[in-house]
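Next comes model34.cif, with mmCIF, C-alpha atoms.
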```cif
data_target
loop_
_atom_site.label_atom_id
_atom_site.label_comp_id
_atom_site.auth_asym_id
_atom_site.auth_seq_id
_atom_site.Cartn_x
_atom_site.Cartn_y
_atom_site.Cartn_z
CA MET A 1 12.36 -6.20 -19.17
CA ILE A 2 9.51 -8.26 -17.72
CA PRO A 3 7.93 -6.33 -14.83
CA PRO A 4 8.85 -7.61 -11.35
CA ILE A 5 6.28 -9.56 -9.34
CA ALA A 6 6.08 -9.74 -5.56
CA PHE A 7 5.25 -13.11 -4.02
CA HIS A 8 5.55 -14.55 -0.54
CA PRO A 9 4.85 -18.17 0.46
CA ALA A 10 2.59 -16.80 3.19
CA TYR A 11 0.20 -15.47 0.50
CA GLU A 12 -1.42 -18.90 0.73
CA SER A 13 -2.59 -19.62 4.27
CA SER A 14 -4.34 -22.62 5.74
CA LEU A 15 -8.13 -22.92 5.73
CA PRO A 16 -10.54 -25.71 6.58
CA SER A 17 -10.73 -28.14 3.65
CA ASN A 18 -14.37 -27.32 2.89
CA HIS A 19 -14.01 -23.52 3.01
CA ARG A 20 -15.47 -21.72 0.00
CA PHE A 21 -12.61 -19.24 -0.38
CA PRO A 22 -10.20 -20.52 -3.10
CA MET A 23 -7.00 -20.02 -1.10
CA ARG A 24 -5.06 -22.46 -3.28
CA LYS A 25 -5.19 -19.97 -6.15
CA TYR A 26 -2.22 -18.01 -4.80
CA GLY A 27 0.24 -20.87 -4.95
CA LEU A 28 -1.15 -22.00 -8.30
CA LEU A 29 -0.81 -18.47 -9.65
CA ALA A 30 2.87 -18.40 -8.70
CA GLU A 31 3.36 -21.75 -10.47
CA THR A 32 1.47 -20.45 -13.51
CA LEU A 33 3.55 -17.28 -13.72
CA ILE A 34 6.75 -19.32 -13.65
CA ALA A 35 5.43 -21.73 -16.29
CA LYS A 36 4.48 -18.83 -18.56
CA GLY A 37 7.93 -17.26 -18.28
CA LEU A 38 6.55 -14.19 -16.51
CA ALA A 39 8.98 -14.51 -13.59
CA PRO A 40 12.22 -15.51 -15.34
CA LEU A 41 14.39 -14.35 -12.45
CA GLY A 42 11.98 -15.51 -9.78
CA PHE A 43 9.86 -13.33 -7.55
CA VAL A 44 10.74 -10.46 -5.28
CA THR A 45 9.93 -11.31 -1.66
CA PRO A 46 8.25 -8.66 0.49
CA GLU A 47 8.60 -8.05 4.18
CA PRO A 48 5.30 -8.45 6.05
CA ALA A 49 3.77 -5.09 6.91
CA THR A 50 4.39 -3.84 10.43
CA ALA A 51 1.74 -2.40 12.72
CA GLU A 52 3.39 1.02 12.31
CA ILE A 53 2.67 0.86 8.57
CA LEU A 54 -0.82 -0.59 8.90
CA VAL A 55 -2.09 2.28 11.04
CA ARG A 56 -1.56 4.65 8.14
CA ALA A 57 -4.87 3.39 6.74
CA HIS A 58 -6.43 1.47 9.64
CA ASP A 59 -7.61 2.33 13.12
CA PRO A 60 -4.88 1.47 15.66
CA ALA A 61 -7.31 -0.52 17.80
CA TYR A 62 -8.27 -2.68 14.83
CA VAL A 63 -4.62 -3.19 13.86
CA ALA A 64 -3.82 -4.27 17.42
CA ALA A 65 -6.70 -6.76 17.35
CA VAL A 66 -5.53 -8.21 14.04
CA VAL A 67 -1.86 -8.62 14.92
CA SER A 68 -2.79 -10.27 18.23
CA CYS A 69 -5.39 -12.54 16.57
CA ALA A 70 -8.06 -11.03 18.81
CA VAL A 71 -10.54 -9.75 16.23
CA PRO A 72 -14.07 -9.67 17.70
CA ARG A 73 -16.27 -12.53 16.59
CA GLU A 74 -18.76 -10.29 14.77
CA ILE A 75 -15.96 -8.79 12.65
CA GLU A 76 -14.53 -12.24 11.98
CA ARG A 77 -17.97 -13.28 10.72
CA ALA A 78 -18.06 -10.24 8.44
CA ILE A 79 -14.62 -11.18 7.09
CA GLY A 80 -15.74 -14.76 6.46
CA LEU A 81 -12.35 -16.24 7.31
CA PRO A 82 -10.85 -17.47 10.60
CA VAL A 83 -8.53 -14.67 11.73
CA ASP A 84 -5.82 -16.92 13.15
CA ALA A 85 -2.03 -16.67 13.04
CA SER A 86 -1.84 -18.13 9.53
CA LEU A 87 -4.33 -15.66 8.08
CA VAL A 88 -2.71 -12.72 9.86
CA ARG A 89 0.67 -13.71 8.36
CA ARG A 90 -0.98 -13.89 4.97
CA SER A 91 -2.67 -10.52 5.35
CA ARG A 92 0.49 -8.75 6.49
CA ALA A 93 2.53 -10.38 3.71
CA SER A 94 -0.08 -9.27 1.18
CA VAL A 95 0.14 -5.65 2.33
CA GLY A 96 3.92 -5.86 2.22
CA GLY A 97 3.74 -7.28 -1.30
CA THR A 98 1.59 -4.46 -2.61
CA LEU A 99 3.84 -1.86 -0.98
CA LEU A 100 6.98 -3.45 -2.41
CA ALA A 101 5.42 -3.74 -5.86
CA ALA A 102 4.34 -0.09 -5.69
CA ARG A 103 7.90 0.96 -4.88
CA LEU A 104 9.16 -1.12 -7.81
CA ALA A 105 6.56 0.40 -10.13
CA LEU A 106 7.76 3.88 -9.21
CA ALA A 107 11.31 2.82 -10.03
CA GLU A 108 10.66 0.71 -13.14
CA GLY A 109 7.28 1.77 -14.51
CA LEU A 110 5.34 -1.48 -14.03
CA ALA A 111 5.18 -4.07 -11.27
CA GLY A 112 2.66 -6.35 -9.61
CA SER A 113 1.91 -8.55 -6.66
CA ALA A 114 0.51 -12.07 -6.94
CA ALA A 115 -1.99 -11.23 -4.20
CA GLY A 116 -3.60 -8.04 -2.91
CA GLY A 117 -6.72 -6.15 -3.80
CA SER A 118 -8.36 -6.63 -0.39
CA HIS A 119 -10.71 -3.74 -1.06
CA HIS A 120 -13.48 -4.57 1.44
CA ALA A 121 -11.24 -3.99 4.47
CA ARG A 122 -12.33 -0.69 5.99
CA ARG A 123 -10.52 1.60 8.36
CA SER A 124 -11.85 -0.05 11.52
CA GLN A 125 -12.78 -3.56 10.41
CA GLY A 126 -12.40 -6.21 7.77
CA ALA A 127 -15.18 -7.70 5.62
CA GLY A 128 -15.77 -9.80 2.52
CA PHE A 129 -12.67 -12.06 2.80
CA CYS A 130 -10.51 -8.94 3.37
CA VAL A 131 -8.61 -8.32 6.62
CA LEU A 132 -6.24 -5.45 5.75
CA ASN A 133 -6.53 -3.02 2.86
CA ASP A 134 -3.22 -3.40 1.07
CA VAL A 135 -3.79 -0.72 -1.58
CA ALA A 136 -4.89 1.90 0.95
CA VAL A 137 -1.94 1.16 3.26
CA ALA A 138 0.53 1.28 0.36
CA ALA A 139 -0.89 4.53 -1.02
CA ARG A 140 -0.85 6.24 2.37
CA THR A 141 2.68 4.98 3.09
CA LEU A 142 4.11 6.26 -0.19
CA GLN A 143 2.35 9.54 0.40
CA ALA A 144 3.72 9.82 3.95
CA GLU A 145 7.21 9.15 2.58
CA ARG A 146 6.69 11.89 -0.04
CA LEU A 147 7.27 9.45 -2.86
CA ILE A 148 3.88 10.34 -4.35
CA THR A 149 1.42 13.18 -3.99
CA ARG A 150 -1.47 11.91 -6.08
CA ALA A 151 -2.57 8.37 -6.90
CA LEU A 152 -5.47 6.81 -8.78
CA VAL A 153 -6.97 3.51 -7.66
CA VAL A 154 -8.54 1.77 -10.67
CA ASP A 155 -10.68 -0.94 -9.11
CA LEU A 156 -12.20 -3.30 -11.69
CA ASP A 157 -13.07 -6.10 -9.30
CA VAL A 158 -16.74 -7.04 -9.77
CA HIS A 159 -17.56 -5.80 -6.25
CA GLN A 160 -17.52 -2.15 -5.26
CA GLY A 161 -14.39 -1.06 -3.41
CA ASP A 162 -16.15 0.07 -0.26
CA GLY A 163 -13.22 -0.50 2.07
CA THR A 164 -10.76 1.46 -0.04
CA ALA A 165 -13.26 4.31 -0.28
CA ASP A 166 -13.57 4.28 3.51
CA CYS A 167 -9.83 4.14 4.18
CA LEU A 168 -9.08 6.98 1.75
CA ALA A 169 -12.15 9.11 2.41
CA LEU A 170 -10.10 11.92 3.95
CA CYS A 171 -7.42 11.85 1.24
CA PRO A 172 -8.77 13.76 -1.79
CA GLU A 173 -5.45 13.41 -3.61
CA LEU A 174 -5.85 9.60 -3.51
CA PHE A 175 -8.70 9.12 -5.99
CA THR A 176 -10.78 5.93 -6.18
CA LEU A 177 -12.49 4.67 -9.35
CA SER A 178 -14.66 1.57 -8.93
CA ILE A 179 -16.38 -0.06 -11.91
CA HIS A 180 -18.43 -2.92 -10.54
CA CYS A 181 -21.69 -4.85 -10.74
CA GLU A 182 -24.24 -2.69 -8.98
CA ASN A 183 -26.52 -5.51 -7.78
CA ASN A 184 -23.78 -7.31 -5.92
CA TYR A 185 -21.85 -7.26 -2.64
CA PRO A 186 -21.66 -5.09 -0.62
CA ALA A 187 -25.34 -4.34 -0.20
CA GLN A 188 -24.51 -1.09 1.59
CA LYS A 189 -21.83 0.60 -0.47
CA ILE A 190 -19.47 3.32 0.73
CA ALA A 191 -19.20 5.97 -1.95
CA GLY A 192 -15.78 6.47 -3.49
CA ASP A 193 -14.69 9.34 -5.69
CA LEU A 194 -16.18 7.80 -8.84
CA ASP A 195 -18.40 4.71 -8.68
CA ILE A 196 -19.82 3.20 -11.85
CA GLY A 197 -22.36 0.48 -11.17
CA LEU A 198 -22.98 -1.92 -14.05
CA PRO A 199 -26.10 -3.99 -14.80
CA ASP A 200 -26.05 -7.78 -14.47
CA ARG A 201 -24.91 -9.92 -17.42
CA LEU A 202 -22.87 -7.17 -19.09
CA ALA A 203 -20.48 -8.74 -21.63
CA ASP A 204 -17.10 -7.85 -23.12
CA GLY A 205 -18.06 -5.22 -25.68
CA ALA A 206 -20.30 -3.06 -23.51
CA TYR A 207 -17.95 -3.35 -20.54
CA LEU A 208 -14.93 -2.24 -22.55
CA GLU A 209 -16.88 0.67 -24.04
CA ILE A 210 -17.61 2.01 -20.55
CA LEU A 211 -13.99 1.59 -19.45
CA GLN A 212 -12.67 3.24 -22.61
CA ALA A 213 -15.08 6.15 -22.22
CA ARG A 214 -14.09 6.94 -18.63
CA LEU A 215 -10.49 5.99 -17.84
CA PRO A 216 -8.46 8.10 -20.34
CA ALA A 217 -10.13 11.37 -19.37
CA LEU A 218 -9.69 10.57 -15.69
CA LEU A 219 -5.98 9.89 -16.13
CA ASP A 220 -5.61 13.16 -18.02
CA ALA A 221 -7.54 15.17 -15.43
CA LEU A 222 -5.79 13.72 -12.37
CA ALA A 223 -2.26 13.21 -13.74
CA PRO A 224 -1.49 10.81 -10.85
CA ASP A 225 2.00 9.91 -9.78
CA LEU A 226 0.98 6.24 -9.57
CA VAL A 227 -1.91 3.99 -10.60
CA PHE A 228 -2.98 1.13 -8.35
CA TYR A 229 -4.83 -1.39 -10.52
CA ASN A 230 -7.11 -3.96 -8.87
CA ALA A 231 -7.46 -6.52 -11.67
CA GLY A 232 -10.08 -8.74 -10.04
CA VAL A 233 -11.20 -11.54 -12.39
CA ASP A 234 -14.62 -12.01 -10.80
CA PRO A 235 -16.34 -10.13 -13.67
CA HIS A 236 -15.80 -13.40 -15.59
CA ARG A 237 -18.92 -15.17 -16.82
CA ASP A 238 -18.01 -18.36 -14.93
CA ASP A 239 -17.34 -16.67 -11.60
CA ARG A 240 -19.75 -17.84 -8.94
CA LEU A 241 -19.83 -14.46 -7.16
CA GLY A 242 -19.72 -12.24 -10.22
CA ARG A 243 -22.98 -11.59 -12.15
CA LEU A 244 -21.13 -10.14 -15.17
CA CYS A 245 -20.25 -12.00 -18.38
CA LEU A 246 -16.68 -11.20 -19.39
CA THR A 247 -14.62 -13.87 -21.15
CA ASP A 248 -10.93 -14.58 -20.73
CA GLU A 249 -10.36 -12.53 -23.88
CA GLY A 250 -12.41 -9.67 -22.45
CA LEU A 251 -10.43 -9.68 -19.21
CA LEU A 252 -7.15 -9.60 -21.12
CA ALA A 253 -8.38 -6.74 -23.32
CA ARG A 254 -9.44 -4.87 -20.16
CA ASP A 255 -6.03 -5.37 -18.57
CA ARG A 256 -4.15 -4.40 -21.73
CA PHE A 257 -6.22 -1.21 -21.98
CA VAL A 258 -5.64 -0.11 -18.38
CA VAL A 259 -1.91 -0.82 -18.52
CA SER A 260 -1.45 0.78 -21.94
CA GLN A 261 -3.33 3.94 -20.94
CA ALA A 262 -1.12 4.48 -17.91
CA ARG A 263 2.00 3.60 -19.85
CA ALA A 264 1.16 5.94 -22.75
CA ARG A 265 1.15 8.79 -20.24
CA GLY A 266 4.34 7.72 -18.49
CA ILE A 267 2.43 6.95 -15.27
CA PRO A 268 3.79 4.05 -13.19
CA LEU A 269 1.28 1.26 -12.53
CA VAL A 270 1.17 -1.44 -9.88
CA ALA A 271 -1.25 -4.34 -10.31
CA VAL A 272 -2.85 -6.53 -7.66
CA ILE A 273 -5.02 -9.55 -8.40
CA GLY A 274 -8.26 -8.86 -6.52
CA GLY A 275 -11.12 -11.35 -6.42
CA GLY A 276 -11.92 -14.49 -8.33
CA TYR A 277 -14.16 -17.35 -7.17
CA THR A 278 -14.68 -20.71 -8.82
CA THR A 279 -14.22 -24.36 -7.97
CA ASP A 280 -11.89 -24.71 -10.98
CA VAL A 281 -8.87 -23.22 -9.25
CA ASP A 282 -6.52 -24.03 -12.13
CA ALA A 283 -8.66 -21.94 -14.50
CA LEU A 284 -8.78 -19.23 -11.86
CA ALA A 285 -5.00 -19.07 -11.64
CA GLN A 286 -4.83 -18.75 -15.43
CA ARG A 287 -7.23 -15.80 -15.30
CA HIS A 288 -5.26 -14.07 -12.57
CA ALA A 289 -2.14 -14.44 -14.71
CA LEU A 290 -3.72 -12.33 -17.46
CA VAL A 291 -2.80 -8.98 -15.89
CA PHE A 292 0.84 -10.05 -15.66
CA GLU A 293 0.72 -11.12 -19.30
CA ALA A 294 -0.70 -7.69 -20.14
CA MET A 295 2.09 -5.89 -18.28
CA ALA A 296 4.76 -8.05 -19.90
CA ALA A 297 3.31 -7.35 -23.35
CA GLU A 298 3.20 -3.61 -22.74
CA ALA A 299 6.74 -3.59 -21.39
CA ALA A 300 7.91 -5.48 -24.47
CA ALA A 301 6.17 -2.97 -26.75
CA GLY A 302 8.66 -0.27 -25.86
CA PRO A 303 9.44 2.46 -23.34
CA ALA A 304 6.73 4.54 -21.72
CA SER A 305 6.08 8.08 -22.85
CA ALA A 306 7.85 10.87 -21.02
#
```
Written form, structure tokens:
Amino acid sequence: MIPPIAFHPAYESSLPSNHRFPMRKYGLLAETLIAKGLAPLGFVTPEPATAEILVRAHDPAYVAAVVSCAVPREIERAIGLPVDASLVRRSRASVGGTLLAARLALAEGLAGSAAGGSHHARRSQGAGFCVLNDVAVAARTLQAERLITRALVVDLDVHQGDGTADCLALCPELFTLSIHCENNYPAQKIAGDLDIGLPDRLADGAYLEILQARLPALLDALAPDLVFYNAGVDPHRDDRLGRLCLTDEGLLARDRFVVSQARARGIPLVAVIGGGYTTDVDALAQRHALVFEAMAAEAAAGPASA
């Protein structure tokens, strides 16, 4: 069975035509997934996250400001996007998508959302194109519902997951691993449980060696009930915000390794797409599709271990 994928039309919101954020990638990713046969029955459609869910990882005052489109100007500048009704719909739909995909992963072993990975959103403010932290909200919600006790966030976006670390700082059973380019955004990082900062220009082989040396032992030590995988494609050599040198083949090998390691241990995994920034949005959508290809290939390889 091909793993289910959450998608909502609101994932793609309106932006000024000259804005540098590649918002069109979300719609193009959905089209790419259909064209590749990775959504043969269509997508599952999430419900936008409610304020009652959002406050599980965010300060209530910040949630109230977001849902009423009244985010202070200085926070809006830190986010880098106009926090209007369209963007709020997108942000709430994205959180809902990650939560739905996480529920499906618990039921079926693998699932993903064609958005998500907004890992710079902190407890009391957004930043870095991130308004609401979908992974943190989903993890805290599943924990509150007693569907999970422990989770591992594997964040392989090129930027350190400062917001997720902040949102989950008081939750030791929700462990964050961030493997990122050290000399990159954010300048002031918020320490997670395990942060591995990489040097600029690191290529496929050295990157994969580091991942292979650290992830299996961590999975064995933590034995999480669920893995949240942020499969950001901004480590790619052509990414304009990246500073690393992975190829398409390297990204796919990375994704196959993460998914296969969780699957070999019988640990459910939910994937979100994270960051990716280039003017060639068609190529970007193809890169974001790689993690869904990896999950489909692993699912086709046979059942997970018990």
Practice problem: Rounded to one decimal place, report the CA of Ala301 (chain A)-CA of Asp282 (chain A) distance in Å. | Solution: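 Interatomic distance, CA of Ala301 (chain A) to CA of Asp282 (chain A): 28.6 Å.
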Practice problem: On this file, the PyMOL selection byres ((chain A and resi 26-37) around 9) gives some set of residues; write that set as a list in words. | Solution: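 Selected by the PyMOL selection byres ((chain A and resi 26-37) around 9) here: Phe7, Pro9, Tyr11, Glu12, Pro22, Met23, Arg24, Lys25, Leu38, Ala39, Pro40, Gly42, Phe43, Ala114, Ala115, Val281, Asp282, Leu284, Ala285, Gln286, Arg287, His288, Ala289, Phe292 and Glu293 of chain A.
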Quiz item: To one decimal place, how far is CA of Ala283 (chain A) from CA of Val270 (chain A) in Å?
Solution: 23.2 Å
Quiz item: Interatomic distance between CA of Gly274 (chain A) and CA of Pro235 (chain A)?
Solution: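 Result for CA of Gly274 (chain A) versus CA of Pro235 (chain A): 10.9 Å, one decimal.
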Exercise. Please write as a count of residues only the full residue list that the PyMOL selection byres ((chain A and resi 297) around 12) yields on this file.
Key: 26
Exercise. For region 188-193 of chain A, please output as a ChimeraX atom specification all residues within 12 Å (counting only C-alpha atoms; exclusion window: fewer than 4 positions along the same chain).
Key: /A:119-123,152-155,159-184,197,218,222
Quiz item: Once the PyMOL selection byres ((chain A and resi 229-233) around 6) has been applied to the shown file, what residues remain in the selection, as a list of chain:residue names?
Solution: A:Gly117, A:Val154, A:Asp155, A:Leu156, A:Asp157, A:Phe228, A:Asp234, A:Pro235, A:His236, A:Ala271, A:Val272, A:Ile273, A:Gly274, A:Gly275, A:Gly276
Restrict the calculation to all atoms listed in the file, then for each residue of region 91-197 of chain A with any atom at most 7 Å from an atom of region 55-63 of chain A give the closest atom pair and their distance in Å to one decimal, rows by chain and rising residue number, as a tab-separated table.
```
residue	atom	partner	partner_atom	distance
A:Arg123	CA	A:His58	CA	4.3
A:Ser124	CA	A:Asp59	CA	5.1
A:Gln125	CA	A:Tyr62	CA	6.4
A:Ala136	CA	A:Ala57	CA	6.0
A:Val137	CA	A:Ala57	CA	5.1
A:Arg140	CA	A:Arg56	CA	6.0
A:Thr141	CA	A:Arg56	CA	6.6
A:Cys167	CA	A:Ala57	CA	5.6
```
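Restricting the calculation to only C-alpha atoms, the smallest distance between Pro224 (chain A) and any of A:Arg150, A:Arg237, A:Arg92, A:Arg254 is found for A:Arg150.
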Exercise. Find the residue from A:Glu108, A:Leu54, A:Leu215, A:Ser113 that sits nearest to His8 (chain A); use all atoms listed in the file when measuring.
Key: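 Answer, going by the shortest atom-to-atom distance: A:Ser113.
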Quiz item: Which of these residues is nearest to Ser94 (chain A), using all atoms listed in the file: A:Ala203, A:Val67, A:Ala10, A:Ile79?
Solution: A:Ala10
